[in-house]
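Report on the structure given below.
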Number of protein chains: 2
Amino acid sequence: MKVSTFDLNDFEKAADPLLVGEVMSVLSAMPLYVKKSDQAGKQGRLIFDPVGANAHLEKKLIRRKWASKVPIPKAQQALGTDVDFGKSGHLVEVQFSNYPFFLNNVIRTNVLFANKTELDGMGRIVAAMIVTKAKLFEASNSTLYYEQAMEQTRFLVGGKTVAVPLRVIGLMADRGTTISSILTHYHTPRYSRTVVHQDRIQVQVGDEDSHLERPLLKQV
Amino acid sequence: MKVSTFDLNDFEKAADPLLVGEVMSVLSAMPLYVKKSDQAGKQGRLIFDPVGANAHLEKKLIRRKWASKVPIPKAQQALGTDVDFGKSGHLVEVQFSNYPFFLNNVIRTNVLFANKTELDGMGRIVAAMIVTKAKLFEASNSTLYYEQAMEQTRFLVGGKTVAVPLRVIGLMADRGTTISSILTHYHTPRYSRTVVHQDRIQVQVGDEDSHLERPLLKQV
């Protein structure tokens with residue numbers, strides 16, 4: 001997929017370009033994961049599939065020796081019990097869920113960074129990456145999108161509330177283009193993680209002349 | 001209602017005791033607001049009623065000349081467009097909603113404090129209070145409770161992420177006691193804010209010998 005980034009607190013100075021490169025290349029090579037919506041008003045329409053995308057990233061990052069579900073020490077679990085991925089001080093969170101969880105990820109990461117907390121299998125945080133999806137992908141209601149994440153991050157930086165070197169990553173697409181995609185059919189439409197089968201398809205992100213903020217994702 | 005507090009960043013030094021007293025006395029004089037649950041597993045049971053409690057606090061604080069729904073300047077709306085109540089630099093948020101919104105309130109307040117943002121009708125933030133409810137009240141699933149708010153706040157303080165003088169307030173009760181309550185019947189059970197009618201009732205918070213984390217709220 002196409003990828004955009006937004007860096008702060010000298011991310012590029014703090015981070016190891018080899019480790020950042022591993023993450024960026026996994027994201028660039030990833031197909032678009034879609035599923036059919038079950039929500040009122042968009043039933044049957046193709047929407048971004050967080051379960052499929054998460055499973056893909058987990059497989060690819062574990063293969064590159066990133067630790068997954070890295071536990072947070074018991075005394076510091078107020079904002080969650082584990083982080084998604086880590087390797088040599090580099091933390092990756094994948095956040096396709098409801099929008100308030102982005103702030104949770106940023107602040108939790110910042111506190112663990114400020115506390116110099118030792119995390120199992122990855123050590124102290126030196127830099128963090130949070131993966132999001134762009135607004136233009138149709139998705140479940142109230143899920144976080146990249147543009148919103150950027151706006152929140154800018155607000156925090158203005159308020160000097162966050163010190164951790166951070167890259168916010170947005171999975172993107174150009175309008176009117178066709179993207180290699182994987183359509184997953186789940187056992188039950190909305191919450192199931194049980195895959196029934198997957199089809200490799202081509203998805204067009206809106207028409208060339210579409211000016212909708214969220215163009216239709218059409219199988220072509 | 002019975003009230004507990006958890007202060008940080010020299011709240012008592014920063015805040016005006018008269019203004020804090022206004023808030024604390026409104027909370028102490030408030031009845032317990034309850035409604036009948038419509039959620040699976042606790043259908044028909046009495047649970048904490050955030051809509052009734054919010055409406056009560058709004059009425060009482062506005063009467064004491066607190067500004068309500070204070071707008072946040074356009075450039076700083078990444079984490080929301082307004083704050084609940086304000087008066088002479090003292091901000092009050094009432095947070096009975098899903099738990100991730102507590103962090104949103106704390107961080108937003110901290111950034112507005114750090115930025116010395118001028119808020120309409122209340123000026124710059126000098127101290128903030130966030131009102132929550134204790135865990136022992138039966139409530140809608142995933143709603144914030146005081147003990148969780150305290151734990152999150154402690155985590156943030158450890159990480160030096162929050163500088164605003166802050167009081168976290170928990171609406172409380174003693175187990176086995178009876179509390180003056182208002183039972184509101186809404187037009188539709190779950191999401192409606194349209195009141196059909198209200199009854200003054202007495203509610204007992206569990207039995208004396210109950211050791212449940214969340215004892216039954218029983219009409220007596």
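By order in the structure tokens, chains are A, B, ...; within a chain, residues start at 1; ligands start at 1, following the order shown.
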
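Secondary structure of region 166-195 of chain B, strand (DSSP E) only (DSSP, backbone atoms): Leu166, Arg167, Val168, Ile169, Gly170, Leu171, Met172, Thr178, Ile179, Ser180, Ser181, Ile182, Leu183, Thr184, His185, Tyr186 and Val195 of chain B.
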
What residues in chain A lie within 9 Å of chain B, counting only C-alpha atoms, written as a ChimeraX atom specification? /A:75-79,100-101,103-104,107-108,110-115,148-149,151-163

Quick one: residues within 10 Å of Leu19 (chain A), only C-alpha atoms, excluding same-chain residues fewer than 3 positions away - as a ChimeraX atom specification? /A:15-16,22-24,64,66,87-90

Name the residues in contact with region 175-177 of chain A at a cut-off of 6 Å, using only C-alpha atoms, excluding same-chain residues fewer than 4 positions from it; report them as a ChimeraX atom specification. /A:204-208

Write a file of the just-selected residues containing N, CA and C atoms, as an mmCIF file, in the first residue's frame.
```
data_model
loop_
_atom_site.group_PDB
_atom_site.id
_atom_site.type_symbol
_atom_site.label_atom_id
_atom_site.label_comp_id
_atom_site.auth_asym_id
_atom_site.auth_seq_id
_atom_site.Cartn_x
_atom_site.Cartn_y
_atom_site.Cartn_z
ATOM 1 N N GLN A 204 -10.939 -0.738 -6.722
ATOM 2 C CA GLN A 204 -10.726 0.636 -7.180
ATOM 3 C C GLN A 204 -11.229 1.594 -6.103
ATOM 4 N N VAL A 205 -10.382 2.570 -5.747
ATOM 5 C CA VAL A 205 -10.724 3.519 -4.686
ATOM 6 C C VAL A 205 -11.418 4.726 -5.306
ATOM 7 N N GLY A 206 -12.736 4.628 -5.480
ATOM 8 C CA GLY A 206 -13.503 5.726 -6.075
ATOM 9 C C GLY A 206 -13.239 5.856 -7.557
ATOM 10 N N ASP A 207 -13.962 6.784 -8.189
ATOM 11 C CA ASP A 207 -13.737 7.101 -9.599
ATOM 12 C C ASP A 207 -12.745 8.248 -9.677
ATOM 13 N N GLU A 208 -12.147 8.402 -10.891
ATOM 14 C CA GLU A 208 -11.210 9.514 -11.058
ATOM 15 C C GLU A 208 -11.860 10.847 -10.727
#
```

Using 12 Å as the limit and counting only C-alpha atoms, can you tabulate each residue of region 46-103 of chain A that touches region 195-203 of chain A, with its shortest atom-to-atom distance in Å and the two atoms involved, as CSV?
```
residue,atom,partner,partner_atom,distance
A:Leu46,CA,A:Val203,CA,9.0
A:Ile47,CA,A:Val203,CA,10.7
A:Phe48,CA,A:Val203,CA,11.2
A:Asp49,CA,A:Val195,CA,11.9
A:Val51,CA,A:Val195,CA,9.8
A:Gly52,CA,A:Val195,CA,9.1
A:Ala55,CA,A:Val195,CA,11.1
```

For N, CA and C atoms, I'd like the residues from the last selection saved as a PDB file, in the first residue's frame.
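Output (result-v1.pdb):
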```pdb
ATOM      1  N   LEU A  46     -17.811  -2.771   0.523  1.00  0.00           N
ATOM      2  CA  LEU A  46     -16.449  -3.110   0.934  1.00  0.00           C
ATOM      3  C   LEU A  46     -15.939  -2.048   1.897  1.00  0.00           C
ATOM      4  N   ILE A  47     -15.374  -2.499   3.014  1.00  0.00           N
ATOM      5  CA  ILE A  47     -14.745  -1.585   3.966  1.00  0.00           C
ATOM      6  C   ILE A  47     -13.390  -2.147   4.383  1.00  0.00           C
ATOM      7  N   PHE A  48     -12.563  -1.301   4.947  1.00  0.00           N
ATOM      8  CA  PHE A  48     -11.258  -1.700   5.457  1.00  0.00           C
ATOM      9  C   PHE A  48     -11.437  -2.818   6.484  1.00  0.00           C
ATOM     10  N   ASP A  49     -10.578  -3.829   6.414  1.00  0.00           N
ATOM     11  CA  ASP A  49     -10.690  -4.996   7.294  1.00  0.00           C
ATOM     12  C   ASP A  49      -9.533  -5.012   8.293  1.00  0.00           C
ATOM     13  N   VAL A  51      -9.018  -6.785  11.002  1.00  0.00           N
ATOM     14  CA  VAL A  51      -8.588  -8.122  11.448  1.00  0.00           C
ATOM     15  C   VAL A  51      -7.603  -8.720  10.442  1.00  0.00           C
ATOM     16  N   GLY A  52      -7.946  -8.631   9.156  1.00  0.00           N
ATOM     17  CA  GLY A  52      -7.064  -9.143   8.114  1.00  0.00           C
ATOM     18  C   GLY A  52      -5.731  -8.409   8.075  1.00  0.00           C
ATOM     19  N   ALA A  55      -3.559  -9.354  11.123  1.00  0.00           N
ATOM     20  CA  ALA A  55      -3.006 -10.712  11.006  1.00  0.00           C
ATOM     21  C   ALA A  55      -1.830 -10.713  10.023  1.00  0.00           C
TER      22      ALA A  55
END
```

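Among B:Val3, B:Ile130, B:Ile169, B:Val26, the residue with the shortest atom-to-atom distance to Ile62 (chain B), counting only C-alpha atoms, is B:Val26.
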
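Our summary of the geometry notes that CA of Leu171 (chain A) is positioned 16.5 Å from CA of Ala128 (chain A).
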
Mind checking DSSP for region 14-217 of chain A and telling me the alpha helix (DSSP H) residues as a ChimeraX atom specification? /A:14,17-29,50-63,100-114,146-158

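Of the residues listed (B:Pro50, B:Leu212, B:Val164, B:Asp174), B:Pro50 shows the shortest atom-to-atom separation from Ser192 (chain B); distances use only C-alpha atoms.
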